[in-house]
Each structure stands twice: as structure tokens, then as C-alpha cells.
Amino acid sequence: MTFQKYLVLVGVALFASAGDSLLSRGMKDIGGVSLHNLSALIAAVRNPWVVLGILFLIAFFAAYMSALSWADLTYVLPATSIGYVVLALIAKFVLHEQVTMLRWVGILLISAGVSFVAGGPALTTRPADPAVEDEALQAVHARSHS
Amino acid sequence: MNHLYTWAGILVIVITSVTGDVLLSHAMKSVGDVGERYRRTGLVPVIGRILGNPYFVLGIVAMAAAFFSLLFALSWGDVSLVAPASASLTFVGNAVAARMFLHERVDRRRWMAAGLVACGVALLAG
């Protein structure tokens, strides 16, 4: 694991929680959407908070796919669940929401889970080796052109 | 009856999102380390390689199905039940599916992690 890869994992966690928070903030302006007034969704995508939230979720998806290209699913998911903890801390200290005792216990459990998985190896399966594969491809091309 | 609908909805969400995660993970493993590929070939070939992977496309379809089943389940049940129940069951489901289909070595450390995070998420959202 390089420093850059840790940054990608932090990105997965932070972009997801930031995106969700921004969408939640934006949808408070829009109000309830039901199957009967789907036109409200069109108003939603014009809301700057929602637009920003969608941009963050796109960044989340890119970071998530990047992480899955070099780490196990059972490593990436627990490791990035630290985002839930960040979200709760934002709720407490930025939005001044009440964080109950039960939620603090939840934060503690998630942190314990993250530290468990972070201490182990990131990849336990053999990944596709790009260099070997490309050499094989080039060999095939060379043969077909000769 | 409504209760049954809610739990059926949660089950569909869990199955579709686990399917999506497993397919996307499989797709990205066969694409290979994207950082390394980006340095060697540039951005456009990497994106083309990802979008050209059939497992990736299927994974996106499964994720879209998960999203819409979440919307439907939310119209039947309370968000305080549907969101934490589906999120935490998805963590456990992913651990089982990753072991079965992706052949990841899910050791005791990872089972503990999945279990603790699942409990934590359930408490946090509850």
C-alpha cells in the first residue's frame, strides 16, 4: 500500500459522505418527491446543492472503482466505512445535531471494524498483471501482421 | 402485509447491491490497477477498457436496480428501518459473496470487520 492508495481510500469515504450530505441539503429545498409528482425531480437537478452533490458522487464512484482495481471488496468496504463516522462528526460539530449515546456506540463499532481490516493485507487474490497481458497481446498482434 | 412488503424490499435491495458490488469488483480486477494503467497508456484507453468490460456494464445495471428498489422500499417502509437494515445486511452479504464468487480470503479479521461495521451502521442510522 502506497501513500497514494491510502489517499484514494480516504477519497472514497469523504466523497461519499460529502455527496450524500449535499444531496440531503438540496432535497430539503425541494421537499417530498413521490411517483405522482416526478416533475419535482427536474427542479431537483437545477438545485446547486444537488448538482454539487452529484459531482461529489461521481468523484466517489471514480475513486471506488480505482480502489477495487487493486484491493479486495472485503477490504475496500470496511476500510471506507470510516465515512459514516466522519458524517456523524460533521452532524455533531458543523450542523449541531444531537448525536445520541447509541450513535456513539455505533461510531465506536465502525472504528473498531476499520482498524481490524486496515491492519491486514489489501489484496488476497491474484490480480490481472497489465504488463504480462499487454506483452501477450503484442505477441498476438505481431503474429497476425507477419 | 405492509411489513412483509418492506422486508421483501430490503431483501431485493441487499441482493441487487451485493450483485452490483461483486460484478464491479470482478470487472475492476480484470481491468487491473488503474493508476498503473493510466501512467502507461493515458486516461482515455483506461476509461475505454473499463466501459468495454461486460461485467462493469452488468454491475452498473445491478446498482441501478438497487437504487430503484431502495426508492420503492422507502415508499413502503420507514427510512429508519429500510436504510440501516439494507446497508448493514449488504456488508455481511458482500463478505459472503466475495468469498464465494471472488475467492477472496475472508479470514477471521475480515469477518470481524464486516460484522462490527454492520452492527455500527445499524446503530448509527437507527
# chains A, B, ... in the order shown; residues from 1 in each chain; ligands from 1
>>> interface_residues(of="chain A", to="chain B", cutoff="9 Å", atoms="only C-alpha atoms", output="ChimeraX atom specification")
/A:34,65-75,77-79,81,84-85,88,102-117,119-120,123-130
>>> write_last_selection(atoms="N, CA and C atoms", output="compact mmCIF listing (two decimals), in the first residue's frame")
# COMPACT_ATOMS: atom_id res chain seq x y z
N SER A 34 -42.76 12.16 -4.90
CA SER A 34 -43.42 10.86 -4.96
C SER A 34 -43.59 10.47 -6.42
N MET A 65 -14.05 2.73 -7.92
CA MET A 65 -13.62 1.82 -8.98
C MET A 65 -12.10 1.67 -8.97
N SER A 66 -11.40 2.80 -8.74
CA SER A 66 -9.94 2.75 -8.69
C SER A 66 -9.48 1.85 -7.54
N ALA A 67 -10.12 1.99 -6.38
CA ALA A 67 -9.75 1.17 -5.22
C ALA A 67 -10.00 -0.31 -5.51
N LEU A 68 -11.15 -0.61 -6.17
CA LEU A 68 -11.48 -2.02 -6.44
C LEU A 68 -10.52 -2.63 -7.46
N SER A 69 -9.78 -1.77 -8.21
CA SER A 69 -8.86 -2.33 -9.20
C SER A 69 -7.60 -2.87 -8.55
N TRP A 70 -7.31 -2.48 -7.30
CA TRP A 70 -6.11 -3.03 -6.65
C TRP A 70 -6.34 -3.56 -5.23
N ALA A 71 -7.61 -3.58 -4.77
CA ALA A 71 -7.86 -4.12 -3.43
C ALA A 71 -9.14 -4.96 -3.41
N ASP A 72 -9.21 -5.92 -2.47
CA ASP A 72 -10.38 -6.78 -2.32
C ASP A 72 -11.62 -5.98 -1.95
N LEU A 73 -12.78 -6.50 -2.38
CA LEU A 73 -14.06 -5.90 -1.98
C LEU A 73 -14.22 -5.92 -0.46
N THR A 74 -13.79 -7.04 0.17
CA THR A 74 -13.94 -7.16 1.62
C THR A 74 -12.89 -6.33 2.37
N TYR A 75 -11.99 -5.67 1.62
CA TYR A 75 -11.07 -4.71 2.25
C TYR A 75 -11.61 -3.29 2.07
N LEU A 77 -14.69 -2.09 1.37
CA LEU A 77 -15.95 -1.70 2.01
C LEU A 77 -15.78 -1.36 3.49
N PRO A 78 -15.17 -2.24 4.32
CA PRO A 78 -14.99 -1.84 5.73
C PRO A 78 -14.04 -0.64 5.88
N ALA A 79 -12.97 -0.61 5.07
CA ALA A 79 -11.97 0.45 5.23
C ALA A 79 -12.59 1.82 4.96
N SER A 81 -15.75 2.60 5.37
CA SER A 81 -16.93 2.89 6.19
C SER A 81 -16.61 3.94 7.24
N TYR A 84 -18.87 6.98 7.47
CA TYR A 84 -20.05 7.11 8.34
C TYR A 84 -19.69 7.87 9.61
N VAL A 85 -18.47 7.60 10.10
CA VAL A 85 -18.01 8.26 11.32
C VAL A 85 -17.81 9.75 11.05
N ALA A 88 -21.13 11.49 10.97
CA ALA A 88 -21.69 11.72 12.30
C ALA A 88 -20.98 12.89 12.99
N LEU A 102 -26.43 5.95 21.62
CA LEU A 102 -26.47 4.77 20.75
C LEU A 102 -25.62 4.99 19.51
N ARG A 103 -25.66 6.23 18.98
CA ARG A 103 -24.87 6.54 17.79
C ARG A 103 -23.38 6.55 18.09
N TRP A 104 -22.99 7.03 19.28
CA TRP A 104 -21.57 7.00 19.65
C TRP A 104 -21.07 5.56 19.73
N VAL A 105 -21.96 4.65 20.24
CA VAL A 105 -21.59 3.23 20.28
C VAL A 105 -21.39 2.71 18.85
N GLY A 106 -22.31 3.14 17.94
CA GLY A 106 -22.19 2.76 16.54
C GLY A 106 -20.88 3.22 15.93
N ILE A 107 -20.49 4.47 16.22
CA ILE A 107 -19.23 5.04 15.73
C ILE A 107 -18.05 4.22 16.23
N LEU A 108 -18.12 3.84 17.51
CA LEU A 108 -17.05 3.04 18.12
C LEU A 108 -16.90 1.69 17.41
N LEU A 109 -18.06 1.01 17.13
CA LEU A 109 -18.03 -0.30 16.47
C LEU A 109 -17.43 -0.19 15.07
N ILE A 110 -17.85 0.85 14.31
CA ILE A 110 -17.34 1.02 12.95
C ILE A 110 -15.83 1.27 12.99
N SER A 111 -15.40 2.13 13.92
CA SER A 111 -13.96 2.42 14.02
C SER A 111 -13.18 1.16 14.32
N ALA A 112 -13.74 0.31 15.22
CA ALA A 112 -13.08 -0.95 15.56
C ALA A 112 -12.98 -1.83 14.31
N GLY A 113 -14.08 -1.90 13.53
CA GLY A 113 -14.08 -2.71 12.31
C GLY A 113 -13.04 -2.23 11.31
N VAL A 114 -12.95 -0.91 11.15
CA VAL A 114 -11.99 -0.32 10.22
C VAL A 114 -10.56 -0.66 10.64
N SER A 115 -10.28 -0.54 11.95
CA SER A 115 -8.91 -0.81 12.39
C SER A 115 -8.57 -2.29 12.23
N PHE A 116 -9.57 -3.17 12.40
CA PHE A 116 -9.36 -4.61 12.18
C PHE A 116 -8.87 -4.89 10.78
N VAL A 117 -9.64 -4.37 9.77
CA VAL A 117 -9.35 -4.72 8.39
C VAL A 117 -8.12 -3.98 7.88
N GLY A 119 -5.40 -3.37 9.31
CA GLY A 119 -4.14 -3.99 9.72
C GLY A 119 -3.74 -5.17 8.85
N GLY A 120 -4.68 -5.67 8.02
CA GLY A 120 -4.41 -6.86 7.21
C GLY A 120 -4.02 -6.51 5.78
N LEU A 123 -5.00 -7.11 -0.64
CA LEU A 123 -5.37 -7.97 -1.77
C LEU A 123 -4.99 -9.40 -1.46
N THR A 124 -5.97 -10.33 -1.56
CA THR A 124 -5.68 -11.74 -1.28
C THR A 124 -5.86 -12.59 -2.52
N THR A 125 -6.27 -11.96 -3.65
CA THR A 125 -6.41 -12.72 -4.89
C THR A 125 -5.35 -12.24 -5.86
N ARG A 126 -5.09 -13.03 -6.89
CA ARG A 126 -4.07 -12.63 -7.85
C ARG A 126 -4.71 -11.70 -8.88
N PRO A 127 -4.25 -10.43 -8.96
CA PRO A 127 -4.85 -9.50 -9.91
C PRO A 127 -4.32 -9.75 -11.32
N ALA A 128 -5.04 -9.19 -12.32
CA ALA A 128 -4.53 -9.25 -13.70
C ALA A 128 -3.28 -8.39 -13.76
N ASP A 129 -2.21 -8.93 -14.32
CA ASP A 129 -0.97 -8.15 -14.43
C ASP A 129 -0.95 -7.44 -15.78
N PRO A 130 -1.11 -6.10 -15.81
CA PRO A 130 -1.22 -5.38 -17.08
C PRO A 130 -0.03 -5.61 -17.99
>>> select_by_dssp(residues="segment 3-143 of chain A", states="alpha helix (DSSP H)", output="CSV table (one decimal) with N, CA and C atoms, in the first residue's frame")
chain,number,residue,atom,x,y,z
A,3,PHE,N,1.2,5.6,-0.2
A,3,PHE,CA,0.5,6.8,0.3
A,3,PHE,C,-0.6,7.2,-0.6
A,4,GLN,N,-0.4,7.1,-1.9
A,4,GLN,CA,-1.4,7.4,-2.9
A,4,GLN,C,-2.6,6.6,-2.8
A,5,LYS,N,-2.4,5.3,-2.5
A,5,LYS,CA,-3.6,4.4,-2.4
A,5,LYS,C,-4.4,4.7,-1.2
A,6,TYR,N,-3.7,5.1,-0.1
A,6,TYR,CA,-4.5,5.5,1.1
A,6,TYR,C,-5.3,6.7,0.8
A,7,LEU,N,-4.7,7.6,0.0
A,7,LEU,CA,-5.5,8.8,-0.4
A,7,LEU,C,-6.7,8.5,-1.2
A,8,VAL,N,-6.7,7.4,-2.0
A,8,VAL,CA,-7.8,7.0,-2.8
A,8,VAL,C,-8.9,6.5,-1.8
A,9,LEU,N,-8.5,5.7,-0.8
A,9,LEU,CA,-9.5,5.2,0.1
A,9,LEU,C,-10.1,6.3,0.9
A,10,VAL,N,-9.3,7.3,1.3
A,10,VAL,CA,-9.9,8.5,2.0
A,10,VAL,C,-10.9,9.2,1.1
A,11,GLY,N,-10.5,9.3,-0.2
A,11,GLY,CA,-11.4,9.9,-1.2
A,11,GLY,C,-12.7,9.2,-1.2
A,12,VAL,N,-12.7,7.8,-1.3
A,12,VAL,CA,-13.9,7.1,-1.4
A,12,VAL,C,-14.8,7.5,-0.2
A,13,ALA,N,-14.2,7.5,1.0
A,13,ALA,CA,-15.0,7.7,2.2
A,13,ALA,C,-15.5,9.2,2.3
A,14,LEU,N,-14.7,10.1,2.0
A,14,LEU,CA,-15.1,11.5,2.1
A,14,LEU,C,-16.0,12.0,1.0
A,15,PHE,N,-15.8,11.6,-0.3
A,15,PHE,CA,-16.6,12.0,-1.4
A,15,PHE,C,-18.0,11.4,-1.2
A,16,ALA,N,-18.1,10.2,-0.7
A,16,ALA,CA,-19.5,9.6,-0.5
A,16,ALA,C,-20.2,10.4,0.6
A,17,SER,N,-19.6,10.7,1.7
A,17,SER,CA,-20.3,11.3,2.8
A,17,SER,C,-20.6,12.8,2.4
A,18,ALA,N,-19.7,13.5,1.7
A,18,ALA,CA,-19.9,14.8,1.3
A,18,ALA,C,-21.1,14.9,0.2
A,19,GLY,N,-21.0,13.9,-0.7
A,19,GLY,CA,-22.1,13.9,-1.7
A,19,GLY,C,-23.5,13.7,-1.1
A,20,ASP,N,-23.6,12.7,-0.2
A,20,ASP,CA,-24.8,12.4,0.5
A,20,ASP,C,-25.3,13.6,1.3
A,21,SER,N,-24.4,14.3,2.0
A,21,SER,CA,-24.8,15.5,2.8
A,21,SER,C,-25.3,16.6,1.9
A,22,LEU,N,-24.6,16.8,0.7
A,22,LEU,CA,-25.0,17.9,-0.2
A,22,LEU,C,-26.4,17.6,-0.8
A,23,LEU,N,-26.6,16.3,-1.2
A,23,LEU,CA,-27.9,15.9,-1.8
A,23,LEU,C,-29.0,16.1,-0.7
A,24,SER,N,-28.7,15.7,0.5
A,24,SER,CA,-29.7,15.8,1.6
A,24,SER,C,-30.0,17.3,1.8
A,25,ARG,N,-29.0,18.2,1.8
A,25,ARG,CA,-29.2,19.6,2.0
A,25,ARG,C,-30.1,20.2,0.8
A,26,GLY,N,-29.8,19.7,-0.4
A,26,GLY,CA,-30.5,20.2,-1.6
A,26,GLY,C,-32.0,19.7,-1.6
A,27,MET,N,-32.2,18.5,-1.2
A,27,MET,CA,-33.6,17.9,-1.3
A,27,MET,C,-34.5,18.5,-0.2
A,28,LYS,N,-33.8,19.2,0.8
A,28,LYS,CA,-34.7,19.9,1.8
A,28,LYS,C,-35.3,21.1,1.2
A,29,ASP,N,-34.7,21.7,0.2
A,29,ASP,CA,-35.3,22.8,-0.6
A,29,ASP,C,-36.4,22.3,-1.5
A,30,ILE,N,-36.3,21.1,-2.0
A,30,ILE,CA,-37.2,20.6,-3.0
A,30,ILE,C,-38.5,20.1,-2.3
A,40,ALA,N,-41.0,17.1,-9.9
A,40,ALA,CA,-40.1,17.8,-8.8
A,40,ALA,C,-38.7,17.4,-9.0
A,41,LEU,N,-38.4,16.2,-9.6
A,41,LEU,CA,-37.0,15.7,-9.8
A,41,LEU,C,-36.3,16.6,-10.8
A,42,ILE,N,-37.1,17.2,-11.8
A,42,ILE,CA,-36.5,18.1,-12.7
A,42,ILE,C,-36.0,19.4,-12.0
A,43,ALA,N,-36.8,19.9,-11.1
A,43,ALA,CA,-36.5,21.0,-10.2
A,43,ALA,C,-35.2,20.7,-9.4
A,44,ALA,N,-35.1,19.4,-9.0
A,44,ALA,CA,-34.0,19.0,-8.1
A,44,ALA,C,-32.7,19.1,-8.8
A,48,PRO,N,-28.5,24.0,-7.0
A,48,PRO,CA,-27.0,24.0,-6.9
A,48,PRO,C,-26.4,22.9,-5.9
A,49,TRP,N,-27.1,22.8,-4.8
A,49,TRP,CA,-26.7,21.8,-3.8
A,49,TRP,C,-26.7,20.4,-4.4
A,50,VAL,N,-27.8,20.1,-5.1
A,50,VAL,CA,-28.0,18.7,-5.7
A,50,VAL,C,-26.9,18.5,-6.8
A,51,VAL,N,-26.6,19.6,-7.6
A,51,VAL,CA,-25.6,19.5,-8.7
A,51,VAL,C,-24.3,19.2,-8.1
A,52,LEU,N,-23.9,19.9,-7.0
A,52,LEU,CA,-22.6,19.7,-6.3
A,52,LEU,C,-22.6,18.3,-5.7
A,53,GLY,N,-23.7,17.9,-5.1
A,53,GLY,CA,-23.8,16.5,-4.6
A,53,GLY,C,-23.5,15.4,-5.6
A,54,ILE,N,-24.1,15.6,-6.8
A,54,ILE,CA,-24.0,14.6,-7.9
A,54,ILE,C,-22.5,14.6,-8.3
A,55,LEU,N,-21.9,15.8,-8.4
A,55,LEU,CA,-20.4,15.8,-8.8
A,55,LEU,C,-19.6,15.1,-7.8
A,56,PHE,N,-19.9,15.2,-6.5
A,56,PHE,CA,-19.1,14.5,-5.5
A,56,PHE,C,-19.4,13.0,-5.6
A,57,LEU,N,-20.6,12.6,-5.9
A,57,LEU,CA,-20.9,11.2,-6.0
A,57,LEU,C,-20.2,10.6,-7.3
A,58,ILE,N,-20.0,11.4,-8.3
A,58,ILE,CA,-19.3,10.9,-9.5
A,58,ILE,C,-17.8,10.7,-9.1
A,59,ALA,N,-17.3,11.6,-8.3
A,59,ALA,CA,-15.9,11.5,-7.8
A,59,ALA,C,-15.8,10.3,-6.9
A,60,PHE,N,-16.8,10.1,-6.1
A,60,PHE,CA,-16.8,8.9,-5.2
A,60,PHE,C,-16.7,7.6,-6.1
A,61,PHE,N,-17.5,7.6,-7.2
A,61,PHE,CA,-17.6,6.3,-8.0
A,61,PHE,C,-16.2,6.1,-8.6
A,62,ALA,N,-15.6,7.2,-9.1
A,62,ALA,CA,-14.3,7.0,-9.8
A,62,ALA,C,-13.3,6.5,-8.7
A,63,ALA,N,-13.3,7.0,-7.5
A,63,ALA,CA,-12.3,6.6,-6.5
A,63,ALA,C,-12.6,5.1,-6.1
A,64,TYR,N,-13.9,4.8,-6.0
A,64,TYR,CA,-14.3,3.4,-5.6
A,64,TYR,C,-13.9,2.4,-6.6
A,65,MET,N,-14.1,2.7,-7.9
A,65,MET,CA,-13.6,1.8,-9.0
A,65,MET,C,-12.1,1.7,-9.0
A,66,SER,N,-11.4,2.8,-8.7
A,66,SER,CA,-9.9,2.8,-8.7
A,66,SER,C,-9.5,1.8,-7.5
A,67,ALA,N,-10.1,2.0,-6.4
A,67,ALA,CA,-9.7,1.2,-5.2
A,67,ALA,C,-10.0,-0.3,-5.5
A,68,LEU,N,-11.1,-0.6,-6.2
A,68,LEU,CA,-11.5,-2.0,-6.4
A,68,LEU,C,-10.5,-2.6,-7.5
A,69,SER,N,-9.8,-1.8,-8.2
A,69,SER,CA,-8.9,-2.3,-9.2
A,69,SER,C,-7.6,-2.9,-8.5
A,70,TRP,N,-7.3,-2.5,-7.3
A,70,TRP,CA,-6.1,-3.0,-6.6
A,70,TRP,C,-6.3,-3.6,-5.2
A,73,LEU,N,-12.8,-6.5,-2.4
A,73,LEU,CA,-14.1,-5.9,-2.0
A,73,LEU,C,-14.2,-5.9,-0.5
A,74,THR,N,-13.8,-7.0,0.2
A,74,THR,CA,-13.9,-7.2,1.6
A,74,THR,C,-12.9,-6.3,2.4
A,75,TYR,N,-12.0,-5.7,1.6
A,75,TYR,CA,-11.1,-4.7,2.2
A,75,TYR,C,-11.6,-3.3,2.1
A,76,VAL,N,-12.0,-3.0,0.8
A,76,VAL,CA,-12.5,-1.6,0.5
A,76,VAL,C,-13.7,-1.2,1.3
A,77,LEU,N,-14.7,-2.1,1.4
A,77,LEU,CA,-15.9,-1.7,2.0
A,77,LEU,C,-15.8,-1.4,3.5
A,78,PRO,N,-15.2,-2.2,4.3
A,78,PRO,CA,-15.0,-1.8,5.7
A,78,PRO,C,-14.0,-0.6,5.9
A,79,ALA,N,-13.0,-0.6,5.1
A,79,ALA,CA,-12.0,0.5,5.2
A,79,ALA,C,-12.6,1.8,5.0
A,80,THR,N,-13.5,1.9,4.0
A,80,THR,CA,-14.1,3.2,3.7
A,80,THR,C,-15.3,3.5,4.5
A,82,ILE,N,-15.3,4.3,7.3
A,82,ILE,CA,-14.9,5.4,8.2
A,82,ILE,C,-15.7,6.7,7.8
A,83,GLY,N,-16.2,6.7,6.6
A,83,GLY,CA,-17.0,7.9,6.1
A,83,GLY,C,-18.3,8.1,7.0
A,84,TYR,N,-18.9,7.0,7.5
A,84,TYR,CA,-20.0,7.1,8.3
A,84,TYR,C,-19.7,7.9,9.6
A,85,VAL,N,-18.5,7.6,10.1
A,85,VAL,CA,-18.0,8.3,11.3
A,85,VAL,C,-17.8,9.8,11.0
A,86,VAL,N,-17.2,10.1,9.9
A,86,VAL,CA,-17.0,11.5,9.5
A,86,VAL,C,-18.3,12.2,9.4
A,87,LEU,N,-19.3,11.5,8.8
A,87,LEU,CA,-20.6,12.1,8.6
A,87,LEU,C,-21.3,12.4,10.0
A,88,ALA,N,-21.1,11.5,11.0
A,88,ALA,CA,-21.7,11.7,12.3
A,88,ALA,C,-21.0,12.9,13.0
A,89,LEU,N,-19.6,13.0,12.8
A,89,LEU,CA,-18.9,14.1,13.4
A,89,LEU,C,-19.3,15.4,12.8
A,90,ILE,N,-19.5,15.4,11.4
A,90,ILE,CA,-20.0,16.6,10.8
A,90,ILE,C,-21.3,17.0,11.3
A,91,ALA,N,-22.2,16.0,11.5
A,91,ALA,CA,-23.6,16.3,12.0
A,91,ALA,C,-23.5,16.9,13.4
A,92,LYS,N,-22.5,16.4,14.2
A,92,LYS,CA,-22.4,16.9,15.6
A,92,LYS,C,-21.8,18.3,15.6
A,93,PHE,N,-20.6,18.5,14.9
A,93,PHE,CA,-19.9,19.7,15.2
A,93,PHE,C,-20.1,20.8,14.1
A,101,MET,N,-26.3,8.6,22.5
A,101,MET,CA,-25.4,7.6,23.1
A,101,MET,C,-25.2,6.4,22.1
A,102,LEU,N,-26.4,5.9,21.6
A,102,LEU,CA,-26.5,4.8,20.7
A,102,LEU,C,-25.6,5.0,19.5
A,103,ARG,N,-25.7,6.2,19.0
A,103,ARG,CA,-24.9,6.5,17.8
A,103,ARG,C,-23.4,6.6,18.1
A,104,TRP,N,-23.0,7.0,19.3
A,104,TRP,CA,-21.6,7.0,19.7
A,104,TRP,C,-21.1,5.6,19.7
A,105,VAL,N,-22.0,4.7,20.2
A,105,VAL,CA,-21.6,3.2,20.3
A,105,VAL,C,-21.4,2.7,18.8
A,106,GLY,N,-22.3,3.1,17.9
A,106,GLY,CA,-22.2,2.8,16.5
A,106,GLY,C,-20.9,3.2,15.9
A,107,ILE,N,-20.5,4.5,16.2
A,107,ILE,CA,-19.2,5.0,15.7
A,107,ILE,C,-18.0,4.2,16.2
A,108,LEU,N,-18.1,3.8,17.5
A,108,LEU,CA,-17.0,3.0,18.1
A,108,LEU,C,-16.9,1.7,17.4
A,109,LEU,N,-18.1,1.0,17.1
A,109,LEU,CA,-18.0,-0.3,16.5
A,109,LEU,C,-17.4,-0.2,15.1
A,110,ILE,N,-17.9,0.9,14.3
A,110,ILE,CA,-17.3,1.0,12.9
A,110,ILE,C,-15.8,1.3,13.0
A,111,SER,N,-15.4,2.1,13.9
A,111,SER,CA,-14.0,2.4,14.0
A,111,SER,C,-13.2,1.2,14.3
A,112,ALA,N,-13.7,0.3,15.2
A,112,ALA,CA,-13.1,-1.0,15.6
A,112,ALA,C,-13.0,-1.8,14.3
A,113,GLY,N,-14.1,-1.9,13.5
A,113,GLY,CA,-14.1,-2.7,12.3
A,113,GLY,C,-13.0,-2.2,11.3
A,114,VAL,N,-13.0,-0.9,11.2
A,114,VAL,CA,-12.0,-0.3,10.2
A,114,VAL,C,-10.6,-0.7,10.6
A,115,SER,N,-10.3,-0.5,11.9
A,115,SER,CA,-8.9,-0.8,12.4
A,115,SER,C,-8.6,-2.3,12.2
A,116,PHE,N,-9.6,-3.2,12.4
A,116,PHE,CA,-9.4,-4.6,12.2
A,116,PHE,C,-8.9,-4.9,10.8
A,117,VAL,N,-9.6,-4.4,9.8
A,117,VAL,CA,-9.4,-4.7,8.4
A,117,VAL,C,-8.1,-4.0,7.9
A,118,ALA,N,-7.9,-2.8,8.4
A,118,ALA,CA,-6.8,-1.9,7.9
A,118,ALA,C,-5.4,-2.6,8.3
A,130,PRO,N,-1.1,-6.1,-15.8
A,130,PRO,CA,-1.2,-5.4,-17.1
A,130,PRO,C,0.0,-5.6,-18.0
A,131,ALA,N,1.2,-5.6,-17.4
A,131,ALA,CA,2.4,-5.7,-18.3
A,131,ALA,C,2.4,-7.1,-19.0
A,132,VAL,N,2.2,-8.2,-18.3
A,132,VAL,CA,2.3,-9.5,-18.9
A,132,VAL,C,1.2,-9.6,-20.0
A,133,GLU,N,0.0,-9.1,-19.6
A,133,GLU,CA,-1.1,-9.2,-20.5
A,133,GLU,C,-0.9,-8.5,-21.8
A,134,ASP,N,-0.3,-7.3,-21.7
A,134,ASP,CA,0.0,-6.4,-22.9
A,134,ASP,C,1.0,-7.1,-23.8
A,135,GLU,N,2.0,-7.7,-23.1
A,135,GLU,CA,3.1,-8.4,-23.9
A,135,GLU,C,2.5,-9.5,-24.7
A,136,ALA,N,1.5,-10.2,-24.1
A,136,ALA,CA,0.8,-11.3,-24.8
A,136,ALA,C,0.1,-10.8,-26.0
A,137,LEU,N,-0.6,-9.7,-25.8
A,137,LEU,CA,-1.4,-9.0,-26.8
A,137,LEU,C,-0.5,-8.6,-28.0
A,138,GLN,N,0.6,-8.0,-27.6
A,138,GLN,CA,1.5,-7.5,-28.7
A,138,GLN,C,2.1,-8.7,-29.5
A,139,ALA,N,2.3,-9.8,-28.8
A,139,ALA,CA,2.8,-11.0,-29.4
A,139,ALA,C,1.8,-11.5,-30.5
A,140,VAL,N,0.5,-11.5,-30.1
A,140,VAL,CA,-0.6,-11.9,-30.9
A,140,VAL,C,-0.7,-11.0,-32.2
A,141,HIS,N,-0.6,-9.7,-31.9
A,141,HIS,CA,-0.6,-8.7,-33.0
A,141,HIS,C,0.5,-8.9,-34.0
A,142,ALA,N,1.7,-9.1,-33.4
A,142,ALA,CA,2.9,-9.3,-34.2
A,142,ALA,C,2.8,-10.5,-35.1
A,143,ARG,N,2.2,-11.6,-34.6
A,143,ARG,CA,2.0,-12.8,-35.3
A,143,ARG,C,1.0,-12.5,-36.4
>>> atom_distance(atom1="atom CA of Asp78 of chain B", atom2="atom CA of Ala64 of chain B")
21.1 Å
>>> residues_around(residues="segment 6-8 of chain B", least_positions_apart="4", cutoff="8 Å", atoms="only C-alpha atoms", output="list in words")
Asn2, Val12, Ala73, Trp76, Gly77 and Val82 of chain B
